[in-house]
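Let me begin by presenting the structure, written as structure tokens, before commenting on it.
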Amino acid sequence: MASTAKIPTIKSKSLTVAIKRAMTLRDIKPRELAMESGVPFGTLRRILELNTVADYEQLSKIAEALRLPLSNIVIDAESLCDDADFVSDYQAEKGSHDTSSGNGIAEQDDDRKERALKHMKSGLDLAAYESEHKDAYIEGDAA
């Protein structure tokens, strides 16, 4: 039978670190975050220990409990993936030199993101993109 286990990567590691940074910023402990977010403590602990990878619903609940837009957490995680020290620490932890999610790919990912964004903007009328409050979310000032 095929396994549906989510395998942690450098991107999931960076997301975990970004969540931990946000927890430190908000001075909130894992058990408190679990209670406020509705994500079971055991699940949150496995996410924070990188024994599993969070899904979108869990991330949304965590971000809401941290009173931060999920996009801020993701931006922090993406910046970590571009940090040479973070990548080398991850590689040392894993005992590999896998750069499939590291520095060289970051430029390709940026190009792909830029093309996707242009396509989205030209083909869709996104409410968030058109919102007069979009700058508040970008700057992290959203309530």
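Convention: chains lettered A, B, ... in structure tokens order; per-chain residue numbering from 1; ligands numbered from 1 as shown.
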Next item on the list: Could you find all residues in region 23-54 of chain A that DSSP calls helix (DSSP H, G or I) from the backbone, and write them as a list of chain:residue names?
Entry: A:Met23, A:Thr24, A:Leu25, A:Arg26, A:Pro30, A:Arg31, A:Glu32, A:Leu33, A:Ala34, A:Met35, A:Glu36, A:Ser37, A:Phe41, A:Gly42, A:Thr43, A:Leu44, A:Arg45, A:Arg46, A:Ile47, A:Leu48
With only C-alpha atoms counted and 7 Å as the cut-off, give the residues of region 7-44 of chain A in contact with region 61-67 of chain A, each with its shortest interatomic distance in Å and the pair that gives it, as a Markdown table.
```
| residue | atom | partner | partner_atom | distance |
| --- | --- | --- | --- | --- |
| A:Ala22 | CA | A:Leu66 | CA | 7.0 |
| A:Met23 | CA | A:Leu66 | CA | 6.9 |
| A:Arg26 | CA | A:Leu66 | CA | 6.7 |
| A:Leu33 | CA | A:Ala65 | CA | 6.6 |
| A:Glu36 | CA | A:Ala65 | CA | 5.5 |
| A:Ser37 | CA | A:Ala65 | CA | 5.0 |
```
Next item on the list: Quick one: everything within 7 Å of region 12-20 of chain A, counting only C-alpha atoms, minus sequence neighbours fewer than 3 positions away in the same chain. Send it as a VMD selection string.
Entry: chain A and resid 8 to 9 23 to 24 47 to 48 50 53 73 to 74 76 to 77 80 to 81
If you keep N, CA, C and O atoms, can you produce a file of those selected residues as a PDB file, in the first residue's frame?
```
ATOM      1  N   PRO A   8       9.388  15.785   5.207  1.00  0.00           N
ATOM      2  CA  PRO A   8       9.916  17.138   5.440  1.00  0.00           C
ATOM      3  C   PRO A   8      11.078  17.462   4.500  1.00  0.00           C
ATOM      4  O   PRO A   8      11.918  16.620   4.213  1.00  0.00           O
ATOM      5  N   THR A   9      11.104  18.682   4.014  1.00  0.00           N
ATOM      6  CA  THR A   9      12.162  19.185   3.138  1.00  0.00           C
ATOM      7  C   THR A   9      12.709  20.476   3.735  1.00  0.00           C
ATOM      8  O   THR A   9      12.247  20.914   4.791  1.00  0.00           O
ATOM      9  N   MET A  23       6.015  32.629  16.961  1.00  0.00           N
ATOM     10  CA  MET A  23       5.635  32.288  18.334  1.00  0.00           C
ATOM     11  C   MET A  23       6.460  33.109  19.328  1.00  0.00           C
ATOM     12  O   MET A  23       5.923  33.603  20.319  1.00  0.00           O
ATOM     13  N   THR A  24       7.740  33.250  19.046  1.00  0.00           N
ATOM     14  CA  THR A  24       8.618  34.044  19.908  1.00  0.00           C
ATOM     15  C   THR A  24       8.179  35.505  19.885  1.00  0.00           C
ATOM     16  O   THR A  24       8.098  36.160  20.927  1.00  0.00           O
ATOM     17  N   ILE A  47       4.537  18.999  14.008  1.00  0.00           N
ATOM     18  CA  ILE A  47       4.884  20.015  13.002  1.00  0.00           C
ATOM     19  C   ILE A  47       6.141  20.757  13.439  1.00  0.00           C
ATOM     20  O   ILE A  47       7.081  20.919  12.658  1.00  0.00           O
ATOM     21  N   LEU A  48       6.170  21.199  14.690  1.00  0.00           N
ATOM     22  CA  LEU A  48       7.301  21.983  15.193  1.00  0.00           C
ATOM     23  C   LEU A  48       8.586  21.161  15.307  1.00  0.00           C
ATOM     24  O   LEU A  48       9.680  21.700  15.204  1.00  0.00           O
ATOM     25  N   LEU A  50       9.228  18.819  13.173  1.00  0.00           N
ATOM     26  CA  LEU A  50       9.440  18.403  11.789  1.00  0.00           C
ATOM     27  C   LEU A  50       9.250  16.903  11.589  1.00  0.00           C
ATOM     28  O   LEU A  50       9.910  16.277  10.774  1.00  0.00           O
ATOM     29  N   VAL A  53       4.465  17.487   8.108  1.00  0.00           N
ATOM     30  CA  VAL A  53       4.386  18.766   7.410  1.00  0.00           C
ATOM     31  C   VAL A  53       2.966  19.295   7.557  1.00  0.00           C
ATOM     32  O   VAL A  53       1.999  18.565   7.350  1.00  0.00           O
ATOM     33  N   ILE A  73       4.274  34.711   7.363  1.00  0.00           N
ATOM     34  CA  ILE A  73       4.995  33.515   7.787  1.00  0.00           C
ATOM     35  C   ILE A  73       5.652  32.850   6.588  1.00  0.00           C
ATOM     36  O   ILE A  73       6.815  32.437   6.640  1.00  0.00           O
ATOM     37  N   VAL A  74       4.935  32.778   5.477  1.00  0.00           N
ATOM     38  CA  VAL A  74       5.468  32.159   4.260  1.00  0.00           C
ATOM     39  C   VAL A  74       6.644  32.979   3.714  1.00  0.00           C
ATOM     40  O   VAL A  74       7.658  32.413   3.297  1.00  0.00           O
ATOM     41  N   ASP A  76       8.693  34.840   5.397  1.00  0.00           N
ATOM     42  CA  ASP A  76       9.828  34.573   6.284  1.00  0.00           C
ATOM     43  C   ASP A  76      10.447  33.221   5.944  1.00  0.00           C
ATOM     44  O   ASP A  76      11.673  33.090   5.849  1.00  0.00           O
ATOM     45  N   ALA A  77       9.616  32.216   5.738  1.00  0.00           N
ATOM     46  CA  ALA A  77      10.114  30.878   5.395  1.00  0.00           C
ATOM     47  C   ALA A  77      10.871  30.899   4.067  1.00  0.00           C
ATOM     48  O   ALA A  77      11.944  30.282   3.937  1.00  0.00           O
ATOM     49  N   LEU A  80      14.301  32.346   4.409  1.00  0.00           N
ATOM     50  CA  LEU A  80      15.222  31.386   5.016  1.00  0.00           C
ATOM     51  C   LEU A  80      15.784  30.422   3.980  1.00  0.00           C
ATOM     52  O   LEU A  80      16.959  30.060   4.031  1.00  0.00           O
ATOM     53  N   CYS A  81      14.954  30.007   3.034  1.00  0.00           N
ATOM     54  CA  CYS A  81      15.404  29.084   1.979  1.00  0.00           C
ATOM     55  C   CYS A  81      16.471  29.721   1.090  1.00  0.00           C
ATOM     56  O   CYS A  81      17.246  29.012   0.452  1.00  0.00           O
TER      57      CYS A  81
END
```
Next item on the list: Between CA of Asp85 (chain A) and CA of Ser71 (chain A), measure the distance and give it in Å to one decimal.
Entry: 22.9 Å
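Taking only C-alpha atoms into account, Arg31 (chain A) lies nearest to A:Thr43 out of the set A:Asn51, A:Ser79, A:Gln91, A:Thr43.
Pairwise distance (CA of Ala34 (chain A), CA of Leu70 (chain A)) equals 16.2 Å.
Among A:Ala92, A:Ile7, A:Val87, A:Leu59, the residue with the shortest atom-to-atom distance to Gly38 (chain A), counting only C-alpha atoms, is A:Leu59.
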Next item on the list: Give me, please, the distance in Å between CA of Arg45 (chain A) and CA of Asp27 (chain A), quoted to one decimal.
Entry: 16.7 Å
